[in-house]
>>> print(open('start-v3.pdb').read())   # PDB, C-alpha atoms and all ligand atoms
MODEL        1
ATOM      1  CA  MET A  10     -12.078  -4.790  15.539
ATOM      2  CA  PRO A  11      -9.201  -2.428  16.063
ATOM      3  CA  GLY A  12      -6.617  -3.464  18.606
ATOM      4  CA  SER A  13      -6.961  -7.208  18.177
ATOM      5  CA  PHE A  14      -3.839  -9.115  19.036
ATOM      6  CA  LEU A  15      -2.996 -12.106  16.879
ATOM      7  CA  SER A  16      -0.415 -14.871  16.964
ATOM      8  CA  ALA A  17       1.042 -15.400  13.528
ATOM      9  CA  LYS A  18       3.684 -17.428  11.763
ATOM     10  CA  LEU A  19       5.693 -16.330   8.763
ATOM     11  CA  TYR A  20       4.403 -18.681   6.074
ATOM     12  CA  LYS A  21       6.302 -17.527   3.005
ATOM     13  CA  THR A  22       8.669 -14.787   1.783
ATOM     14  CA  GLU A  23       8.671 -13.788  -1.885
ATOM     15  CA  GLN A  24      10.884 -11.304  -3.694
ATOM     16  CA  LEU A  25       8.714  -8.694  -5.436
ATOM     17  CA  SER A  26      11.711  -6.678  -6.645
ATOM     18  CA  ALA A  27      15.396  -6.403  -5.709
ATOM     19  CA  ASN A  28      14.545  -4.364  -2.608
ATOM     20  CA  THR A  29      10.991  -5.464  -1.829
ATOM     21  CA  LEU A  30       9.730  -8.589  -0.116
ATOM     22  CA  GLN A  31       6.205  -9.884   0.147
ATOM     23  CA  LEU A  32       5.661 -11.549   3.524
ATOM     24  CA  SER A  33       2.727 -13.892   4.044
ATOM     25  CA  PHE A  34       1.703 -14.524   7.642
ATOM     26  CA  GLU A  35      -0.544 -17.369   8.647
ATOM     27  CA  LEU A  36      -2.907 -16.906  11.555
ATOM     28  CA  GLY A  37      -3.976 -19.573  14.012
ATOM     29  CA  GLN A  38      -7.338 -21.264  13.348
ATOM     30  CA  ASP A  39      -9.286 -19.225  15.950
ATOM     31  CA  ASP A  40      -7.955 -15.897  14.703
ATOM     32  CA  ARG A  41      -8.733 -16.832  11.097
ATOM     33  CA  THR A  42     -12.407 -16.965  11.854
ATOM     34  CA  SER A  43     -12.583 -13.941  14.180
ATOM     35  CA  PHE A  44     -10.227 -11.501  12.414
ATOM     36  CA  ASN A  45     -11.642  -9.056   9.870
ATOM     37  CA  PHE A  46     -10.167  -6.088   8.071
ATOM     38  CA  ILE A  47     -11.218  -3.536   5.494
ATOM     39  CA  ALA A  48      -9.103  -3.122   2.365
ATOM     40  CA  GLY A  49      -6.697  -0.216   2.883
ATOM     41  CA  GLN A  50      -5.937  -0.935   6.542
ATOM     42  CA  PHE A  51      -2.566  -1.806   8.056
ATOM     43  CA  LEU A  52      -1.129  -4.175  10.649
ATOM     44  CA  GLN A  53       1.476  -3.654  13.306
ATOM     45  CA  LEU A  54       4.067  -6.433  13.468
ATOM     46  CA  GLN A  55       5.542  -6.906  16.924
ATOM     47  CA  PHE A  56       8.740  -8.863  17.440
ATOM     48  CA  GLU A  57      11.536  -9.171  19.971
ATOM     49  CA  LEU A  58      15.220  -8.980  19.183
ATOM     50  CA  ASP A  59      17.880  -9.238  21.879
ATOM     51  CA  GLY A  60      15.240  -8.739  24.555
ATOM     52  CA  GLU A  61      13.846  -5.552  22.989
ATOM     53  CA  LEU A  62      10.321  -5.234  21.601
ATOM     54  CA  TYR A  63       9.964  -3.633  18.170
ATOM     55  CA  LYS A  64       6.760  -2.548  16.428
ATOM     56  CA  ARG A  65       6.519  -1.859  12.707
ATOM     57  CA  SER A  66       3.442  -1.062  10.628
ATOM     58  CA  TYR A  67       2.652  -2.515   7.176
ATOM     59  CA  SER A  68      -0.324  -2.141   4.861
ATOM     60  CA  ILE A  69      -2.242  -5.312   4.114
ATOM     61  CA  ALA A  70      -1.622  -6.211   0.466
ATOM     62  CA  ASN A  71      -4.117  -9.032  -0.119
ATOM     63  CA  THR A  72      -7.881  -8.781  -0.291
ATOM     64  CA  PRO A  73     -10.223  -9.608   2.596
ATOM     65  CA  ASP A  74     -11.628 -12.462   0.477
ATOM     66  CA  ASP A  75      -8.149 -13.865  -0.115
ATOM     67  CA  PHE A  76      -7.529 -13.760   3.633
ATOM     68  CA  LYS A  77     -10.786 -15.586   4.324
ATOM     69  CA  ALA A  78      -9.848 -18.272   1.794
ATOM     70  CA  THR A  79      -6.218 -18.775   2.834
ATOM     71  CA  GLY A  80      -5.949 -17.566   6.441
ATOM     72  CA  GLN A  81      -2.942 -15.532   5.320
ATOM     73  CA  LEU A  82      -2.198 -11.823   5.551
ATOM     74  CA  GLN A  83       0.262 -10.416   3.033
ATOM     75  CA  VAL A  84       2.386  -7.284   3.370
ATOM     76  CA  ALA A  85       5.020  -5.754   1.082
ATOM     77  CA  LEU A  86       8.193  -4.702   2.876
ATOM     78  CA  SER A  87      10.673  -2.305   1.299
ATOM     79  CA  LEU A  88      14.124  -3.246   2.591
ATOM     80  CA  VAL A  89      15.935  -0.388   4.325
ATOM     81  CA  SER A  90      19.692  -0.600   4.823
ATOM     82  CA  GLY A  91      20.400  -1.099   8.532
ATOM     83  CA  GLY A  92      16.690  -1.350   9.361
ATOM     84  CA  VAL A  93      15.646  -3.647  12.204
ATOM     85  CA  ALA A  94      12.591  -5.190  10.521
ATOM     86  CA  SER A  95      14.364  -5.192   7.157
ATOM     87  CA  GLY A  96      17.291  -7.164   8.617
ATOM     88  CA  LEU A  97      15.010  -9.614  10.391
ATOM     89  CA  PHE A  98      12.669 -10.409   7.497
ATOM     90  CA  HIS A  99      15.414 -10.436   4.887
ATOM     91  CA  LYS A 100      16.754 -13.593   6.532
ATOM     92  CA  ALA A 101      13.815 -14.954   8.541
ATOM     93  CA  PRO A 102      12.958 -18.598   7.798
ATOM     94  CA  PRO A 103       9.345 -19.674   7.352
ATOM     95  CA  GLY A 104       7.758 -20.628  10.661
ATOM     96  CA  ILE A 105       9.088 -17.816  12.866
ATOM     97  CA  GLU A 106       6.405 -16.601  15.236
ATOM     98  CA  LEU A 107       5.405 -13.065  16.046
ATOM     99  CA  ASN A 108       2.450 -11.022  17.199
ATOM    100  CA  ILE A 109       0.307  -8.866  14.989
ATOM    101  CA  ALA A 110      -1.866  -6.002  16.248
ATOM    102  CA  GLY A 111      -4.638  -4.465  14.202
ATOM    103  CA  PRO A 112      -6.236  -3.794  11.893
ATOM    104  CA  PHE A 113      -5.674  -0.033  11.981
ATOM    105  CA  GLY A 114      -6.195   2.857   9.609
ATOM    106  CA  VAL A 115      -8.885   4.656   7.672
ATOM    107  CA  LEU A 116      -7.471   4.647   4.145
ATOM    108  CA  THR A 117     -10.593   2.733   3.170
ATOM    109  CA  LEU A 118     -13.185   3.156   0.441
ATOM    110  CA  PRO A 119     -16.767   4.348   0.874
ATOM    111  CA  GLU A 120     -19.443   2.737  -1.295
ATOM    112  CA  THR A 121     -19.812   5.661  -3.687
ATOM    113  CA  PHE A 122     -17.838   8.665  -4.901
ATOM    114  CA  PRO A 123     -19.286  11.862  -6.383
ATOM    115  CA  GLY A 124     -16.469  12.219  -8.933
ATOM    116  CA  GLN A 125     -13.420  10.334 -10.062
ATOM    117  CA  LEU A 126     -11.137   8.477  -7.664
ATOM    118  CA  ILE A 127      -7.346   8.728  -7.890
ATOM    119  CA  LEU A 128      -5.262   6.218  -5.922
ATOM    120  CA  ALA A 129      -1.632   7.362  -5.754
ATOM    121  CA  GLY A 130       1.224   5.577  -4.021
ATOM    122  CA  THR A 131       4.992   5.353  -4.023
ATOM    123  CA  GLY A 132       6.913   2.109  -3.560
ATOM    124  CA  THR A 133       5.112  -0.267  -1.219
ATOM    125  CA  GLY A 134       2.469   2.457  -0.823
ATOM    126  CA  ILE A 135       0.701   0.749  -3.699
ATOM    127  CA  ALA A 136      -0.033  -2.325  -1.533
ATOM    128  CA  PRO A 137      -3.313  -1.125   0.045
ATOM    129  CA  TYR A 138      -4.752  -0.461  -3.425
ATOM    130  CA  ARG A 139      -4.059  -4.080  -4.369
ATOM    131  CA  SER A 140      -6.199  -5.095  -1.414
ATOM    132  CA  MET A 141      -8.996  -2.885  -2.804
ATOM    133  CA  ILE A 142      -9.156  -4.453  -6.279
ATOM    134  CA  PRO A 143     -12.578  -6.154  -5.895
ATOM    135  CA  GLN A 144     -14.056  -2.922  -4.505
ATOM    136  CA  LEU A 145     -12.587  -0.973  -7.416
ATOM    137  CA  LYS A 146     -14.520  -3.233  -9.767
ATOM    138  CA  THR A 147     -17.752  -2.525  -7.860
ATOM    139  CA  LEU A 148     -17.075   1.209  -7.904
ATOM    140  CA  THR A 149     -16.369   1.282 -11.631
ATOM    141  CA  ASP A 150     -19.543  -0.753 -12.243
ATOM    142  CA  LYS A 151     -21.384   2.077 -10.485
ATOM    143  CA  GLY A 152     -19.760   4.617 -12.823
ATOM    144  CA  THR A 153     -16.770   5.874 -10.828
ATOM    145  CA  ALA A 154     -13.675   6.463 -12.965
ATOM    146  CA  VAL A 155     -10.660   5.059 -11.089
ATOM    147  CA  THR A 156      -7.010   5.825 -11.845
ATOM    148  CA  VAL A 157      -4.105   4.183 -10.012
ATOM    149  CA  VAL A 158      -0.887   6.219 -10.105
ATOM    150  CA  LYS A 159       2.221   4.381  -8.922
ATOM    151  CA  GLY A 160       5.593   5.975  -8.285
ATOM    152  CA  PHE A 161       9.020   4.323  -8.296
ATOM    153  CA  ARG A 162      12.536   5.542  -8.977
ATOM    154  CA  TYR A 163      13.451   2.801 -11.463
ATOM    155  CA  ARG A 164      11.406   0.383 -13.581
ATOM    156  CA  GLU A 165      12.810  -2.678 -11.814
ATOM    157  CA  GLU A 166      11.522  -1.377  -8.472
ATOM    158  CA  SER A 167       7.936  -1.568  -9.703
ATOM    159  CA  ILE A 168       5.757  -4.050  -7.806
ATOM    160  CA  TYR A 169       2.296  -5.533  -8.377
ATOM    161  CA  SER A 170       2.288  -4.306 -12.006
ATOM    162  CA  GLY A 171       0.596  -7.497 -13.192
ATOM    163  CA  ASP A 172      -2.199  -7.109 -10.657
ATOM    164  CA  PHE A 173      -3.162  -3.693 -12.002
ATOM    165  CA  ALA A 174      -2.201  -4.043 -15.674
ATOM    166  CA  GLN A 175      -4.800  -6.779 -16.164
ATOM    167  CA  LEU A 176      -7.679  -4.637 -14.860
ATOM    168  CA  SER A 177      -9.459  -3.333 -17.943
ATOM    169  CA  TYR A 178     -11.866  -1.252 -15.874
ATOM    170  CA  ILE A 179      -9.288   1.118 -14.316
ATOM    171  CA  LYS A 180      -6.674   3.428 -15.775
ATOM    172  CA  TYR A 181      -3.202   3.253 -14.389
ATOM    173  CA  ARG A 182       0.079   5.070 -14.707
ATOM    174  CA  THR A 183       3.552   4.141 -13.529
ATOM    175  CA  CYS A 184       5.755   7.164 -12.813
ATOM    176  CA  LEU A 185       9.498   6.554 -12.949
ATOM    177  CA  SER A 186      11.484   9.418 -11.445
ATOM    178  CA  ARG A 187      14.990   8.270 -12.385
ATOM    179  CA  GLU A 188      14.599   6.438 -15.694
ATOM    180  CA  SER A 189      15.880   8.317 -18.733
ATOM    181  CA  ASN A 190      13.518   6.461 -21.102
ATOM    182  CA  VAL A 191       9.923   5.477 -20.470
ATOM    183  CA  ASN A 192       7.635   3.216 -22.452
ATOM    184  CA  SER A 193       4.231   4.835 -22.892
ATOM    185  CA  ALA A 194       2.782   1.563 -24.263
ATOM    186  CA  ASP A 195       3.413   0.146 -20.780
ATOM    187  CA  HIS A 196       1.678   3.132 -19.148
ATOM    188  CA  GLU A 197       5.033   4.556 -18.017
ATOM    189  CA  TYR A 198       5.549   8.266 -17.462
ATOM    190  CA  ALA A 199       8.708  10.196 -16.558
ATOM    191  CA  GLY A 200       8.743  12.058 -13.263
ATOM    192  CA  HIS A 201       6.888  11.950  -9.983
ATOM    193  CA  VAL A 202       3.358  11.016  -8.994
ATOM    194  CA  GLN A 203       2.298  14.654  -8.557
ATOM    195  CA  ASP A 204       3.341  15.406 -12.140
ATOM    196  CA  GLN A 205       0.345  13.334 -13.291
ATOM    197  CA  PHE A 206      -2.458  15.207 -11.574
ATOM    198  CA  ASP A 207      -2.923  17.945 -14.165
ATOM    199  CA  ALA A 208      -3.293  15.345 -16.931
ATOM    200  CA  LEU A 209      -6.121  13.687 -14.968
ATOM    201  CA  ASP A 210      -8.367  16.702 -15.397
ATOM    202  CA  LEU A 211      -9.224  16.955 -11.711
ATOM    203  CA  ASN A 212     -12.564  18.395 -10.702
ATOM    204  CA  PRO A 213     -11.874  20.257  -7.420
ATOM    205  CA  GLU A 214     -15.560  20.080  -6.467
ATOM    206  CA  LYS A 215     -15.983  16.307  -6.687
ATOM    207  CA  ASP A 216     -12.831  14.254  -7.144
ATOM    208  CA  VAL A 217     -11.092  12.375  -4.344
ATOM    209  CA  VAL A 218      -7.386  11.538  -4.144
ATOM    210  CA  TYR A 219      -5.848   8.850  -1.937
ATOM    211  CA  LEU A 220      -2.127   9.139  -1.152
ATOM    212  CA  CYS A 221      -0.003   6.404   0.417
ATOM    213  CA  GLY A 222       3.709   5.881   1.060
ATOM    214  CA  ASN A 223       6.652   8.249   1.293
ATOM    215  CA  PRO A 224       5.815  11.177   3.637
ATOM    216  CA  ASN A 225       7.615  13.752   1.456
ATOM    217  CA  MET A 226       5.667  12.631  -1.608
ATOM    218  CA  ILE A 227       2.436  12.989   0.346
ATOM    219  CA  ASP A 228       3.299  16.503   1.556
ATOM    220  CA  ASP A 229       4.202  17.550  -2.002
ATOM    221  CA  CYS A 230       0.995  16.070  -3.401
ATOM    222  CA  VAL A 231      -1.185  17.654  -0.718
ATOM    223  CA  ALA A 232       0.344  21.091  -1.395
ATOM    224  CA  PHE A 233      -0.216  20.603  -5.125
ATOM    225  CA  LEU A 234      -3.811  19.398  -4.744
ATOM    226  CA  ARG A 235      -4.760  22.143  -2.291
ATOM    227  CA  ASP A 236      -3.344  24.608  -4.785
ATOM    228  CA  ARG A 237      -5.662  23.099  -7.418
ATOM    229  CA  GLY A 238      -8.630  23.705  -5.124
ATOM    230  CA  LEU A 239      -9.221  20.304  -3.493
ATOM    231  CA  SER A 240     -10.402  20.566   0.116
ATOM    232  CA  PRO A 241      -8.805  18.481   2.917
ATOM    233  CA  ARG A 242     -11.772  16.094   2.941
ATOM    234  CA  GLN A 243     -11.073  15.228  -0.712
ATOM    235  CA  ILE A 244      -7.549  14.039   0.137
ATOM    236  CA  LYS A 245      -7.039  10.853   2.162
ATOM    237  CA  ARG A 246      -3.539   9.843   3.163
ATOM    238  CA  GLU A 247      -1.438   7.187   4.884
ATOM    239  CA  LYS A 248       2.130   8.292   5.567
ATOM    240  CA  TYR A 249       4.754   5.584   5.965
ATOM    241  CA  VAL A 250       6.643   7.430   8.710
ATOM    242  CA  TYR A 251       9.502   5.521  10.371
ATOM    243  CA  SER A 252       8.740   4.371  13.870
ATOM    244  CA  GLY A 253      12.390   4.804  14.886
ATOM    245  CA  HIS A 254      12.383   2.239  17.690
TER     246      HIS A 254
HETATM  247  C1  LIG B 301       0.873   3.317   8.876
HETATM  248  C2  LIG B 301       2.176   2.804   8.297
HETATM  249  C3  LIG B 301       2.142   1.849   7.303
HETATM  250  C4  LIG B 301       3.337   1.396   6.743
HETATM  251  N1  LIG B 301       3.278   0.466   5.761
HETATM  252  C5  LIG B 301       4.420   0.024   5.185
HETATM  253  C6  LIG B 301       4.370  -0.942   4.128
HETATM  254  O1  LIG B 301       3.292  -1.421   3.707
HETATM  255  N2  LIG B 301       5.553  -1.354   3.580
HETATM  256  C7  LIG B 301       6.763  -0.850   4.027
HETATM  257  O2  LIG B 301       7.806  -1.257   3.484
HETATM  258  N3  LIG B 301       6.837   0.045   5.042
HETATM  259  C8  LIG B 301       5.703   0.487   5.644
HETATM  260  N4  LIG B 301       5.771   1.373   6.672
HETATM  261  C9  LIG B 301       7.119   1.702   7.235
HETATM  262  C10 LIG B 301       7.518   0.547   8.198
HETATM  263  O3  LIG B 301       6.661   0.565   9.323
HETATM  264  C11 LIG B 301       8.966   0.669   8.708
HETATM  265  O4  LIG B 301       9.182   1.973   9.196
HETATM  266  C12 LIG B 301       9.987   0.347   7.620
HETATM  267  O5  LIG B 301       9.799  -0.988   7.145
HETATM  268  C13 LIG B 301      11.440   0.465   8.175
HETATM  269  O6  LIG B 301      11.552  -0.416   9.264
HETATM  270  P1  LIG B 301      12.965  -1.045   9.654
HETATM  271  O7  LIG B 301      12.784  -1.626  11.030
HETATM  272  O8  LIG B 301      13.471  -1.924   8.577
HETATM  273  O9  LIG B 301      13.913   0.237   9.720
HETATM  274  P2  LIG B 301      14.263   1.081  11.058
HETATM  275  O10 LIG B 301      15.065   0.253  12.003
HETATM  276  O11 LIG B 301      12.990   1.686  11.581
HETATM  277  O12 LIG B 301      15.137   2.245  10.444
HETATM  278  C14 LIG B 301      16.561   2.127  10.256
HETATM  279  C15 LIG B 301      17.093   3.377   9.589
HETATM  280  O13 LIG B 301      16.582   3.501   8.267
HETATM  281  C16 LIG B 301      15.881   4.739   8.100
HETATM  282  N5  LIG B 301      14.708   4.408   7.304
HETATM  283  C17 LIG B 301      13.638   3.709   7.732
HETATM  284  N6  LIG B 301      12.770   3.509   6.701
HETATM  285  C18 LIG B 301      13.327   4.109   5.621
HETATM  286  C19 LIG B 301      12.917   4.267   4.277
HETATM  287  N7  LIG B 301      11.750   3.754   3.822
HETATM  288  N8  LIG B 301      13.740   4.922   3.434
HETATM  289  C20 LIG B 301      14.911   5.428   3.865
HETATM  290  N9  LIG B 301      15.362   5.322   5.135
HETATM  291  C21 LIG B 301      14.579   4.677   6.004
HETATM  292  C22 LIG B 301      15.548   5.206   9.499
HETATM  293  O14 LIG B 301      15.490   6.634   9.583
HETATM  294  C23 LIG B 301      16.694   4.655  10.311
HETATM  295  O15 LIG B 301      17.801   5.539  10.254
HETATM  296  C24 LIG B 301       4.596   1.879   7.232
HETATM  297  C25 LIG B 301       4.620   2.837   8.257
HETATM  298  C26 LIG B 301       3.430   3.300   8.782
HETATM  299  C27 LIG B 301       3.483   4.329   9.865
ENDMDL
END
>>> encode(input="start-v3.pdb", output="structure tokens", more="lines below")
Ligand SMILES: Cc1cc2nc3c(=O)[nH]c(=O)nc-3n(C[C@H](O)[C@H](O)[C@H](O)COP(=O)(O)OP(=O)(O)OC[C@H]3O[C@@H](n4cnc5c(N)ncnc54)[C@H](O)[C@@H]3O)c2cc1C
Amino acid sequence: MPGSFLSAKLYKTEQLSANTLQLSFELGQDDRTSFNFIAGQFLQLQFELDGELYKRSYSIANTPDDFKATGQLQVALSLVSGGVASGLFHKAPPGIELNIAGPFGVLTLPETFPGQLILAGTGTGIAPYRSMIPQLKTLTDKGTAVTVVKGFRYREESIYSGDFAQLSYIKYRTCLSRESNVNSADHEYAGHVQDQFDALDLNPEKDVVYLCGNPNMIDDCVAFLRDRGLSPRQIKREKYVYSGH
């Protein structure tokens, strides 16, 4: 139901890393029962500051089943210096009210894939893949090989590692672009997300790559993947462009 308009309260703020917060929003009882989303979609948070309305988009980080059980929607917010939403949620106490529009977006999973599935994201761009975890299990049970490739500058910026590290049925790689030493036992690799694609033995006829997060990373990855022969329909993307208002 795209375009739904929900009243929500900030329930809890957790620190995922030094510069990343996880915000949990609780919906009212009526919205809990009527609201649905598909893993991979995003919400638009709407809030007023000094009489001005601001709108900021965030991927949903928890699973649809978790939402049904708790009535809460989680997002991961990367704090930006001087940012309006960053400043608000950095200090916001539990209980503040705001509106949420959504769900939006098509970075969602079909029921089957012809080849392997690569889910690549930088920073909080990993959040929608966390929401997909139960579906990833179903896909791997059907024979799809799934690899999650996460990109951060430094090790301490990594988020949701525990959620993916414990999944025996997927492969995952953490790319660290500014660490001088990486620990391969922890699935760490030096460099950027796109540096991993050649090692994944991509089949340009069948494989599908999802890209989420930093717009420059996505443009670089798309150029690389097109060069390797993947067609546009084999590349799905969600760019975290700044709304600027
Ligand atoms: C579909 C979609 C989904 C998104 N999902 C997420 C998500 O799950 N998690 C998330 O953290 N963000 C996400 N974003 C980005 C988010 O909507 C905001 O743009 C971001 O949180 C910055 O908002 P702000 O109000 O704090 O900063 P703003 O007030 O918008 O920006 C303040 C200043 O910081 C600069 N700036 C803004 N963002 C960044 C940045 N990331 N790095 C460097 N400089 C920046 C701006 O150019 C501006 O000069 C998403 C964006 C889209 C379009």
>>> closest_residue(input="start-v3.pdb", among="A:Gly60, A:Gly132, A:Gly111, A:Gly124", to="ligand LIG 301 (chain B)", atoms="all atoms listed in the file")
A:Gly132
>>> resolve_selection(input="start-v3.pdb", expression="the PyMOL selection byres (((not hetatm)) within 10 of (chain B and resi 301))", output="PyMOL selection string")
chain A and resi 28-31+50-54+63-70+83-99+113-116+132-137+221-224+246-254
>>> write_last_selection(input="start-v3.pdb", atoms="C-alpha atoms", output="PDB file, keeping the file's coordinate frame")
ATOM      1  CA  ASN A  28      14.545  -4.364  -2.608  1.00  0.00           C
ATOM      2  CA  THR A  29      10.991  -5.464  -1.829  1.00  0.00           C
ATOM      3  CA  LEU A  30       9.730  -8.589  -0.116  1.00  0.00           C
ATOM      4  CA  GLN A  31       6.205  -9.884   0.147  1.00  0.00           C
ATOM      5  CA  GLN A  50      -5.937  -0.935   6.542  1.00  0.00           C
ATOM      6  CA  PHE A  51      -2.566  -1.806   8.056  1.00  0.00           C
ATOM      7  CA  LEU A  52      -1.129  -4.175  10.649  1.00  0.00           C
ATOM      8  CA  GLN A  53       1.476  -3.654  13.306  1.00  0.00           C
ATOM      9  CA  LEU A  54       4.067  -6.433  13.468  1.00  0.00           C
ATOM     10  CA  TYR A  63       9.964  -3.633  18.170  1.00  0.00           C
ATOM     11  CA  LYS A  64       6.760  -2.548  16.428  1.00  0.00           C
ATOM     12  CA  ARG A  65       6.519  -1.859  12.707  1.00  0.00           C
ATOM     13  CA  SER A  66       3.442  -1.062  10.628  1.00  0.00           C
ATOM     14  CA  TYR A  67       2.652  -2.515   7.176  1.00  0.00           C
ATOM     15  CA  SER A  68      -0.324  -2.141   4.861  1.00  0.00           C
ATOM     16  CA  ILE A  69      -2.242  -5.312   4.114  1.00  0.00           C
ATOM     17  CA  ALA A  70      -1.622  -6.211   0.466  1.00  0.00           C
ATOM     18  CA  GLN A  83       0.262 -10.416   3.033  1.00  0.00           C
ATOM     19  CA  VAL A  84       2.386  -7.284   3.370  1.00  0.00           C
ATOM     20  CA  ALA A  85       5.020  -5.754   1.082  1.00  0.00           C
ATOM     21  CA  LEU A  86       8.193  -4.702   2.876  1.00  0.00           C
ATOM     22  CA  SER A  87      10.673  -2.305   1.299  1.00  0.00           C
ATOM     23  CA  LEU A  88      14.124  -3.246   2.591  1.00  0.00           C
ATOM     24  CA  VAL A  89      15.935  -0.388   4.325  1.00  0.00           C
ATOM     25  CA  SER A  90      19.692  -0.600   4.823  1.00  0.00           C
ATOM     26  CA  GLY A  91      20.400  -1.099   8.532  1.00  0.00           C
ATOM     27  CA  GLY A  92      16.690  -1.350   9.361  1.00  0.00           C
ATOM     28  CA  VAL A  93      15.646  -3.647  12.204  1.00  0.00           C
ATOM     29  CA  ALA A  94      12.591  -5.190  10.521  1.00  0.00           C
ATOM     30  CA  SER A  95      14.364  -5.192   7.157  1.00  0.00           C
ATOM     31  CA  GLY A  96      17.291  -7.164   8.617  1.00  0.00           C
ATOM     32  CA  LEU A  97      15.010  -9.614  10.391  1.00  0.00           C
ATOM     33  CA  PHE A  98      12.669 -10.409   7.497  1.00  0.00           C
ATOM     34  CA  HIS A  99      15.414 -10.436   4.887  1.00  0.00           C
ATOM     35  CA  PHE A 113      -5.674  -0.033  11.981  1.00  0.00           C
ATOM     36  CA  GLY A 114      -6.195   2.857   9.609  1.00  0.00           C
ATOM     37  CA  VAL A 115      -8.885   4.656   7.672  1.00  0.00           C
ATOM     38  CA  LEU A 116      -7.471   4.647   4.145  1.00  0.00           C
ATOM     39  CA  GLY A 132       6.913   2.109  -3.560  1.00  0.00           C
ATOM     40  CA  THR A 133       5.112  -0.267  -1.219  1.00  0.00           C
ATOM     41  CA  GLY A 134       2.469   2.457  -0.823  1.00  0.00           C
ATOM     42  CA  ILE A 135       0.701   0.749  -3.699  1.00  0.00           C
ATOM     43  CA  ALA A 136      -0.033  -2.325  -1.533  1.00  0.00           C
ATOM     44  CA  PRO A 137      -3.313  -1.125   0.045  1.00  0.00           C
ATOM     45  CA  CYS A 221      -0.003   6.404   0.417  1.00  0.00           C
ATOM     46  CA  GLY A 222       3.709   5.881   1.060  1.00  0.00           C
ATOM     47  CA  ASN A 223       6.652   8.249   1.293  1.00  0.00           C
ATOM     48  CA  PRO A 224       5.815  11.177   3.637  1.00  0.00           C
ATOM     49  CA  ARG A 246      -3.539   9.843   3.163  1.00  0.00           C
ATOM     50  CA  GLU A 247      -1.438   7.187   4.884  1.00  0.00           C
ATOM     51  CA  LYS A 248       2.130   8.292   5.567  1.00  0.00           C
ATOM     52  CA  TYR A 249       4.754   5.584   5.965  1.00  0.00           C
ATOM     53  CA  VAL A 250       6.643   7.430   8.710  1.00  0.00           C
ATOM     54  CA  TYR A 251       9.502   5.521  10.371  1.00  0.00           C
ATOM     55  CA  SER A 252       8.740   4.371  13.870  1.00  0.00           C
ATOM     56  CA  GLY A 253      12.390   4.804  14.886  1.00  0.00           C
ATOM     57  CA  HIS A 254      12.383   2.239  17.690  1.00  0.00           C
TER      58      HIS A 254
END
>>> residues_around(input="start-v3.pdb", residues="Leu19 (chain A)", least_positions_apart="5", cutoff="10 Å", atoms="only C-alpha atoms", output="list in words")
Leu32, Ser33, Phe34, Glu35, Leu36, Gln81, Leu82, Gln83, Phe98, Ala101, Pro102, Pro103, Gly104, Ile105, Glu106 and Leu107 of chain A
>>> resolve_selection(input="start-v3.pdb", expression="the PyMOL selection byres (((chain A and resi 169-177) around 10) and not hetatm)", output="ChimeraX atom specification")
/A:25-26,70,85,133,135-136,138-139,142,145-146,157,159,167-168,178-183,195-196
>>> closest_residue(input="start-v3.pdb", among="A:Lys77, A:Lys215, A:Arg237, A:Lys21", to="Ser43 (chain A)", atoms="only C-alpha atoms")
A:Lys77
>>> residues_around(input="start-v3.pdb", residues="Asp204 (chain A)", least_positions_apart="3", cutoff="10 Å", atoms="all atoms listed in the file", output="NGL selection string")
:A and (184 or 198-201 or 207-208 or 230 or 233)
>>> closest_residue(input="start-v3.pdb", among="A:Pro112, A:Pro213, A:Gly130, A:Gly152", to="Ile227 (chain A)", atoms="all atoms listed in the file")
A:Gly130
>>> atom_distance(input="start-v3.pdb", atom1="CA of Val218 (chain A)", atom2="CA of Val155 (chain A)")
10.0 Å
>>> resolve_selection(input="start-v3.pdb", expression="the PyMOL selection byres (((chain A and resi 37) around 10) and not hetatm)", output="ChimeraX atom specification")
/A:15-18,34-36,38-42,80-81
